[in-house]
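Reading through the structure tokens given below for one structure.
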Amino acid sequence: MAYPYGKFRYKVEIDGLEAGGFSEVTGFDASIDVIEYREGDMVQTPLKIPGLKKYGNITLKQGLTTSTVLYDWIIAGVNGAVERKTITITLLDEEETPAASWQVINAWPTKYTAPDFNATSSEVAIDTLEIAHEGMTRVS
């Protein structure tokens with residue numbers, strides 16, 4: 001019997017380079033709008049026609065380190081042209097072998113959030129980067 005994979009073992013690559021460890025990757029979805037159409041002489045339910053295809057923004061959360069790669073990516077877009085990249089998110093099995101992989105195309109940062117600070121907390125400082133994109137493909 002095959003068991004499903006755990007969702008806690010994964011890696012993220014940006015343009016083929018390891019992007020560091022992420023504590024969370026969310027918002028990874030695709031949808032198609034539904035257009036309802038009805039002509040005047042239709043007495044039954046309206047036709048349902050596929051509309052716009054949409055992809056949700058992906059949110060990457062990472063413990064703050066000395067690396068500024070993700071911050072530099074959004075600041076480059078704030079100060080000039082947005083740089084689009086390919087992101088690969090890979091689910092790993094128990095032996096850390098790739099089990100499933102998705103490619104996100106034409107990805108670019110749309111929002112950066114610096115960590116919250118609290119002197120009474122013992123939590124890790126977390127950087128958050130929201131990524132817009134134009135499509136995703138499961139490649140394995």
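Identifiers in the structure tokens: chain A, B, ... in order shown; residue index from 1 per chain; ligand index from 1 in order shown.
Residues with any atom within 8 Å of Ala99 in chain A, counting only C-alpha atoms and excluding same-chain neighbours fewer than 3 positions away, are Thr90, Leu91, Leu92, Asp93 and Ser140 of chain A.
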Restricting the output to N, CA, C and O atoms, write the selected residues as a short mmCIF file (atom, residue, chain, number, x, y, z; two decimals), in the first residue's frame.
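And here is the file that came out, part_20.cif:
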data_model
loop_
_atom_site.label_atom_id
_atom_site.label_comp_id
_atom_site.auth_asym_id
_atom_site.auth_seq_id
_atom_site.Cartn_x
_atom_site.Cartn_y
_atom_site.Cartn_z
N THR A 90 9.40 21.64 -5.13
CA THR A 90 9.54 20.19 -5.19
C THR A 90 9.22 19.58 -3.84
O THR A 90 9.82 19.95 -2.83
N LEU A 91 8.28 18.63 -3.85
CA LEU A 91 7.96 17.84 -2.66
C LEU A 91 8.95 16.70 -2.58
O LEU A 91 9.22 16.05 -3.60
N LEU A 92 9.51 16.45 -1.41
CA LEU A 92 10.51 15.40 -1.22
C LEU A 92 9.93 14.25 -0.42
O LEU A 92 9.12 14.47 0.49
N ASP A 93 10.39 13.01 -0.72
CA ASP A 93 9.96 11.86 0.06
C ASP A 93 10.84 11.70 1.29
O ASP A 93 11.68 12.56 1.59
N SER A 140 6.50 16.63 -12.55
CA SER A 140 6.73 15.23 -12.16
C SER A 140 5.78 14.85 -11.04
O SER A 140 5.14 15.64 -10.45
#
Those in range 12-89 of chain A with strand (DSSP E or B) from DSSP, as number ranges by chain: A: 12-14, 17-18, 24-26, 30-37, 47-55, 58-63, 85-89
Same residues, N, CA, C and O atoms, output as a compact mmCIF listing (two decimals), in the first residue's frame:
# COMPACT_ATOMS: atom_id res chain seq x y z
N VAL A 12 12.55 24.86 -2.60
CA VAL A 12 12.15 25.90 -3.55
C VAL A 12 13.40 26.35 -4.29
O VAL A 12 14.42 26.65 -3.67
N GLU A 13 13.30 26.38 -5.62
CA GLU A 13 14.39 26.88 -6.46
C GLU A 13 13.87 28.04 -7.30
O GLU A 13 12.73 28.00 -7.77
N ILE A 14 14.70 29.06 -7.46
CA ILE A 14 14.34 30.20 -8.30
C ILE A 14 15.36 30.25 -9.43
O ILE A 14 16.56 30.39 -9.17
N LEU A 17 18.27 27.81 -9.04
CA LEU A 17 19.17 27.95 -7.89
C LEU A 17 18.40 27.76 -6.59
O LEU A 17 17.28 28.25 -6.45
N GLU A 18 18.99 27.03 -5.64
CA GLU A 18 18.35 26.87 -4.33
C GLU A 18 18.08 28.24 -3.74
O GLU A 18 18.96 29.10 -3.71
N GLU A 24 7.29 28.08 5.04
CA GLU A 24 5.92 27.92 4.53
C GLU A 24 5.84 28.40 3.09
O GLU A 24 6.43 29.41 2.72
N VAL A 25 5.10 27.65 2.28
CA VAL A 25 4.76 28.04 0.90
C VAL A 25 3.25 27.85 0.77
O VAL A 25 2.76 26.75 0.91
N THR A 26 2.51 28.95 0.52
CA THR A 26 1.05 28.86 0.46
C THR A 26 0.50 29.60 -0.76
O THR A 26 1.22 30.35 -1.42
N ALA A 30 -4.84 27.16 -8.88
CA ALA A 30 -5.30 27.59 -10.21
C ALA A 30 -6.82 27.47 -10.23
O ALA A 30 -7.39 26.59 -9.58
N SER A 31 -7.48 28.36 -10.97
CA SER A 31 -8.94 28.29 -11.09
C SER A 31 -9.38 28.82 -12.45
O SER A 31 -8.63 29.52 -13.12
N ILE A 32 -10.58 28.44 -12.83
CA ILE A 32 -11.19 28.93 -14.08
C ILE A 32 -12.53 29.55 -13.72
O ILE A 32 -13.38 28.90 -13.09
N ASP A 33 -12.73 30.81 -14.09
CA ASP A 33 -14.01 31.47 -13.85
C ASP A 33 -15.11 30.78 -14.64
O ASP A 33 -14.87 30.25 -15.73
N VAL A 34 -16.32 30.83 -14.10
CA VAL A 34 -17.49 30.26 -14.77
C VAL A 34 -18.35 31.42 -15.27
O VAL A 34 -18.69 32.33 -14.52
N ILE A 35 -18.68 31.36 -16.57
CA ILE A 35 -19.57 32.35 -17.16
C ILE A 35 -20.91 31.65 -17.40
O ILE A 35 -20.95 30.61 -18.08
N GLU A 36 -21.97 32.18 -16.83
CA GLU A 36 -23.30 31.61 -17.08
C GLU A 36 -23.94 32.38 -18.23
O GLU A 36 -23.92 33.62 -18.25
N TYR A 37 -24.48 31.64 -19.18
CA TYR A 37 -25.09 32.24 -20.37
C TYR A 37 -26.48 31.64 -20.55
O TYR A 37 -26.66 30.43 -20.49
N LEU A 47 -26.31 27.77 -19.69
CA LEU A 47 -25.06 27.13 -20.07
C LEU A 47 -23.96 27.67 -19.17
O LEU A 47 -23.99 28.83 -18.76
N LYS A 48 -22.99 26.83 -18.88
CA LYS A 48 -21.83 27.27 -18.11
C LYS A 48 -20.62 27.15 -19.02
O LYS A 48 -20.30 26.08 -19.52
N ILE A 49 -19.97 28.30 -19.24
CA ILE A 49 -18.87 28.41 -20.18
C ILE A 49 -17.60 28.77 -19.40
O ILE A 49 -17.65 29.61 -18.51
N PRO A 50 -16.46 28.14 -19.76
CA PRO A 50 -15.22 28.53 -19.07
C PRO A 50 -14.81 29.95 -19.41
O PRO A 50 -14.91 30.38 -20.55
N GLY A 51 -14.37 30.67 -18.40
CA GLY A 51 -13.94 32.06 -18.58
C GLY A 51 -12.44 32.21 -18.36
O GLY A 51 -11.66 31.35 -18.77
N LEU A 52 -12.06 33.26 -17.68
CA LEU A 52 -10.65 33.54 -17.44
C LEU A 52 -10.01 32.48 -16.56
O LEU A 52 -10.62 32.00 -15.61
N LYS A 53 -8.78 32.15 -16.88
CA LYS A 53 -7.98 31.26 -16.05
C LYS A 53 -7.16 32.13 -15.11
O LYS A 53 -6.59 33.13 -15.53
N LYS A 54 -7.13 31.76 -13.83
CA LYS A 54 -6.44 32.57 -12.83
C LYS A 54 -5.54 31.70 -11.97
O LYS A 54 -5.84 30.53 -11.72
N TYR A 55 -4.46 32.30 -11.52
CA TYR A 55 -3.53 31.63 -10.63
C TYR A 55 -3.37 32.49 -9.38
O TYR A 55 -3.15 33.69 -9.48
N ILE A 58 1.48 33.23 -4.74
CA ILE A 58 2.18 32.31 -3.85
C ILE A 58 2.88 33.14 -2.78
O ILE A 58 3.51 34.15 -3.08
N THR A 59 2.76 32.71 -1.54
CA THR A 59 3.43 33.38 -0.43
C THR A 59 4.55 32.50 0.09
O THR A 59 4.33 31.33 0.41
N LEU A 60 5.76 33.05 0.13
CA LEU A 60 6.93 32.36 0.66
C LEU A 60 7.29 32.99 2.00
O LEU A 60 7.42 34.21 2.10
N LYS A 61 7.45 32.15 3.02
CA LYS A 61 7.86 32.64 4.34
C LYS A 61 9.20 32.00 4.68
O LYS A 61 9.36 30.79 4.55
N GLN A 62 10.13 32.84 5.13
CA GLN A 62 11.49 32.39 5.36
C GLN A 62 12.04 33.06 6.61
O GLN A 62 11.83 34.26 6.83
N GLY A 63 12.75 32.28 7.43
CA GLY A 63 13.43 32.86 8.58
C GLY A 63 14.46 33.87 8.13
O GLY A 63 15.20 33.63 7.18
N LYS A 85 10.91 35.38 -13.19
CA LYS A 85 11.74 34.19 -13.03
C LYS A 85 10.85 32.95 -13.00
O LYS A 85 9.64 33.05 -12.86
N THR A 86 11.49 31.80 -13.12
CA THR A 86 10.80 30.51 -12.98
C THR A 86 11.09 29.97 -11.59
O THR A 86 12.25 29.90 -11.17
N ILE A 87 10.04 29.60 -10.88
CA ILE A 87 10.17 29.02 -9.54
C ILE A 87 9.78 27.55 -9.63
O ILE A 87 8.75 27.21 -10.23
N THR A 88 10.57 26.69 -9.03
CA THR A 88 10.26 25.26 -8.97
C THR A 88 10.07 24.88 -7.51
O THR A 88 10.95 25.15 -6.68
N ILE A 89 8.92 24.29 -7.21
CA ILE A 89 8.62 23.82 -5.86
C ILE A 89 8.57 22.30 -5.93
O ILE A 89 7.79 21.74 -6.71
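Of the residues listed (A:Asp116, A:Asp29, A:Glu83, A:Glu94), A:Glu94 shows the shortest atom-to-atom separation from Tyr10 in chain A; distances use only C-alpha atoms.
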Atom pair CA of His133 in chain A / CA of Phe28 in chain A: separation (Å):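 Distance reported for this atom pair: 10.3 Å.
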Those in chain A with alpha helix (DSSP H) from DSSP, as JSON, numbers by chain: {"A": [69, 70, 71, 72, 73, 74, 75, 76, 77, 78, 79]}
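Of note, CA of Phe22 in chain A and CA of Pro109 in chain A are spaced 15.6 Å apart.
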Nearest-residue call for Ser67 in chain A, choices A:Ala19, A:Arg9, A:Arg138, A:Gly80, using only C-alpha atoms: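 Distance minimum relative to Ser67 in chain A lands on A:Ala19.
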Two-atom distance - CA of Lys7 in chain A, CA of Met136 in chain A (Å):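 Here the two named atoms are 18.4 Å from each other.
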Shell of 12 Å around Leu64 in chain A, only C-alpha atoms, local chain residues under 4 positions omitted, as an MDAnalysis selection string: chainID A and resid 20:23 68:71 113:117 123:129
Output of the above residues as a tab-separated table (two decimals), in the first residue's frame, restricted to all heavy atoms:
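Listing of part_12.tsv after writing:
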chain	number	residue	atom	x	y	z
A	20	GLY	N	17.10	28.84	-0.62
A	20	GLY	CA	17.16	28.84	0.83
A	20	GLY	C	15.98	28.08	1.41
A	20	GLY	O	15.10	27.63	0.68
A	21	GLY	N	15.98	27.94	2.70
A	21	GLY	CA	14.89	27.22	3.37
A	21	GLY	C	13.69	28.11	3.60
A	21	GLY	O	13.83	29.28	3.97
A	22	PHE	N	12.53	27.57	3.37
A	22	PHE	CA	11.29	28.29	3.61
A	22	PHE	C	10.47	27.54	4.63
A	22	PHE	O	10.31	26.32	4.53
A	22	PHE	CB	10.49	28.47	2.31
A	22	PHE	CG	11.14	29.40	1.34
A	22	PHE	CD1	12.02	28.93	0.39
A	22	PHE	CD2	10.90	30.76	1.41
A	22	PHE	CE1	12.65	29.79	-0.49
A	22	PHE	CE2	11.52	31.64	0.53
A	22	PHE	CZ	12.40	31.15	-0.42
A	23	SER	N	9.92	28.24	5.60
A	23	SER	CA	9.09	27.59	6.61
A	23	SER	C	7.68	27.34	6.09
A	23	SER	O	6.99	26.47	6.60
A	23	SER	CB	9.04	28.44	7.88
A	23	SER	OG	8.50	29.71	7.61
A	68	THR	N	20.01	38.66	1.38
A	68	THR	CA	19.02	39.65	0.96
A	68	THR	C	18.52	39.37	-0.46
A	68	THR	O	17.99	40.26	-1.11
A	68	THR	CB	19.61	41.07	1.03
A	68	THR	OG1	20.75	41.14	0.15
A	68	THR	CG2	20.01	41.44	2.44
A	69	VAL	N	18.66	38.14	-0.94
A	69	VAL	CA	18.31	37.80	-2.32
A	69	VAL	C	16.84	38.10	-2.62
A	69	VAL	O	16.53	38.75	-3.63
A	69	VAL	CB	18.64	36.32	-2.61
A	69	VAL	CG1	18.10	35.90	-3.96
A	69	VAL	CG2	20.13	36.08	-2.53
A	70	LEU	N	15.92	37.66	-1.77
A	70	LEU	CA	14.50	37.90	-2.03
A	70	LEU	C	14.15	39.38	-1.90
A	70	LEU	O	13.40	39.92	-2.71
A	70	LEU	CB	13.63	37.06	-1.09
A	70	LEU	CG	13.79	35.55	-1.24
A	70	LEU	CD1	12.91	34.83	-0.23
A	70	LEU	CD2	13.48	35.10	-2.65
A	71	TYR	N	14.69	40.05	-0.91
A	71	TYR	CA	14.47	41.48	-0.74
A	71	TYR	C	15.01	42.25	-1.94
A	71	TYR	O	14.34	43.14	-2.48
A	71	TYR	CB	15.13	41.96	0.55
A	71	TYR	CG	15.02	43.45	0.75
A	71	TYR	CD1	13.84	44.02	1.21
A	71	TYR	CD2	16.10	44.29	0.47
A	71	TYR	CE1	13.74	45.40	1.38
A	71	TYR	CE2	16.00	45.66	0.63
A	71	TYR	CZ	14.82	46.20	1.09
A	71	TYR	OH	14.71	47.56	1.25
A	113	THR	N	7.08	41.65	3.07
A	113	THR	CA	6.75	42.04	4.44
A	113	THR	C	7.92	41.67	5.34
A	113	THR	O	8.31	40.50	5.40
A	113	THR	CB	5.47	41.34	4.93
A	113	THR	OG1	4.41	41.61	4.00
A	113	THR	CG2	5.07	41.83	6.31
A	114	ALA	N	8.47	42.66	6.02
A	114	ALA	CA	9.55	42.43	6.98
A	114	ALA	C	8.97	41.79	8.23
A	114	ALA	O	7.76	41.86	8.47
A	114	ALA	CB	10.24	43.75	7.31
A	115	PRO	N	9.81	41.18	9.05
A	115	PRO	CA	9.30	40.53	10.26
A	115	PRO	C	8.71	41.52	11.26
A	115	PRO	O	9.09	42.70	11.27
A	115	PRO	CB	10.53	39.85	10.87
A	115	PRO	CG	11.68	40.16	10.01
A	115	PRO	CD	11.24	41.03	8.89
A	116	ASP	N	7.79	41.01	12.08
A	116	ASP	CA	7.31	41.78	13.23
A	116	ASP	C	8.34	41.60	14.34
A	116	ASP	O	9.00	40.57	14.42
A	116	ASP	CB	5.96	41.23	13.72
A	116	ASP	CG	4.85	41.43	12.70
A	116	ASP	OD1	5.04	42.22	11.77
A	116	ASP	OD2	3.80	40.78	12.85
A	117	PHE	N	8.44	42.58	15.19
A	117	PHE	CA	9.39	42.50	16.31
A	117	PHE	C	8.65	42.64	17.63
A	117	PHE	O	7.74	43.45	17.75
A	117	PHE	CB	10.47	43.58	16.18
A	117	PHE	CG	11.24	43.47	14.89
A	117	PHE	CD1	11.02	44.37	13.85
A	117	PHE	CD2	12.14	42.45	14.69
A	117	PHE	CE1	11.71	44.27	12.67
A	117	PHE	CE2	12.84	42.34	13.50
A	117	PHE	CZ	12.63	43.25	12.48
A	123	GLU	N	10.02	33.78	19.16
A	123	GLU	CA	9.81	33.23	17.83
A	123	GLU	C	10.91	33.69	16.87
A	123	GLU	O	11.57	34.69	17.11
A	123	GLU	CB	8.45	33.68	17.29
A	123	GLU	CG	7.28	33.20	18.12
A	123	GLU	CD	5.96	33.81	17.67
A	123	GLU	OE1	5.96	34.62	16.73
A	123	GLU	OE2	4.94	33.49	18.29
A	124	VAL	N	11.05	32.97	15.76
A	124	VAL	CA	12.00	33.32	14.71
A	124	VAL	C	11.43	34.50	13.92
A	124	VAL	O	10.23	34.57	13.64
A	124	VAL	CB	12.22	32.11	13.77
A	124	VAL	CG1	13.01	32.49	12.54
A	124	VAL	CG2	12.89	30.98	14.53
A	125	ALA	N	12.29	35.44	13.52
A	125	ALA	CA	11.89	36.56	12.67
A	125	ALA	C	11.65	36.02	11.25
A	125	ALA	O	12.51	35.35	10.69
A	125	ALA	CB	12.97	37.63	12.66
A	126	ILE	N	10.49	36.31	10.67
A	126	ILE	CA	10.08	35.75	9.38
A	126	ILE	C	9.92	36.85	8.33
A	126	ILE	O	9.17	37.80	8.53
A	126	ILE	CB	8.75	34.97	9.50
A	126	ILE	CG1	8.86	33.83	10.51
A	126	ILE	CG2	8.28	34.47	8.15
A	126	ILE	CD1	9.72	32.67	10.06
A	127	ASP	N	10.62	36.69	7.20
A	127	ASP	CA	10.42	37.51	6.00
A	127	ASP	C	9.29	36.88	5.19
A	127	ASP	O	9.22	35.65	5.09
A	127	ASP	CB	11.66	37.46	5.10
A	127	ASP	CG	12.63	38.60	5.34
A	127	ASP	OD1	12.22	39.62	5.89
A	127	ASP	OD2	13.79	38.44	4.93
A	128	THR	N	8.44	37.67	4.57
A	128	THR	CA	7.38	37.15	3.72
A	128	THR	C	7.45	37.82	2.36
A	128	THR	O	7.57	39.04	2.27
A	128	THR	CB	5.99	37.43	4.36
A	128	THR	OG1	5.96	36.86	5.68
A	128	THR	CG2	4.88	36.83	3.53
A	129	LEU	N	7.39	37.00	1.31
A	129	LEU	CA	7.42	37.51	-0.06
A	129	LEU	C	6.23	36.91	-0.81
A	129	LEU	O	6.06	35.70	-0.84
A	129	LEU	CB	8.73	37.12	-0.76
A	129	LEU	CG	8.96	37.78	-2.12
A	129	LEU	CD1	9.20	39.28	-1.95
A	129	LEU	CD2	10.16	37.14	-2.81
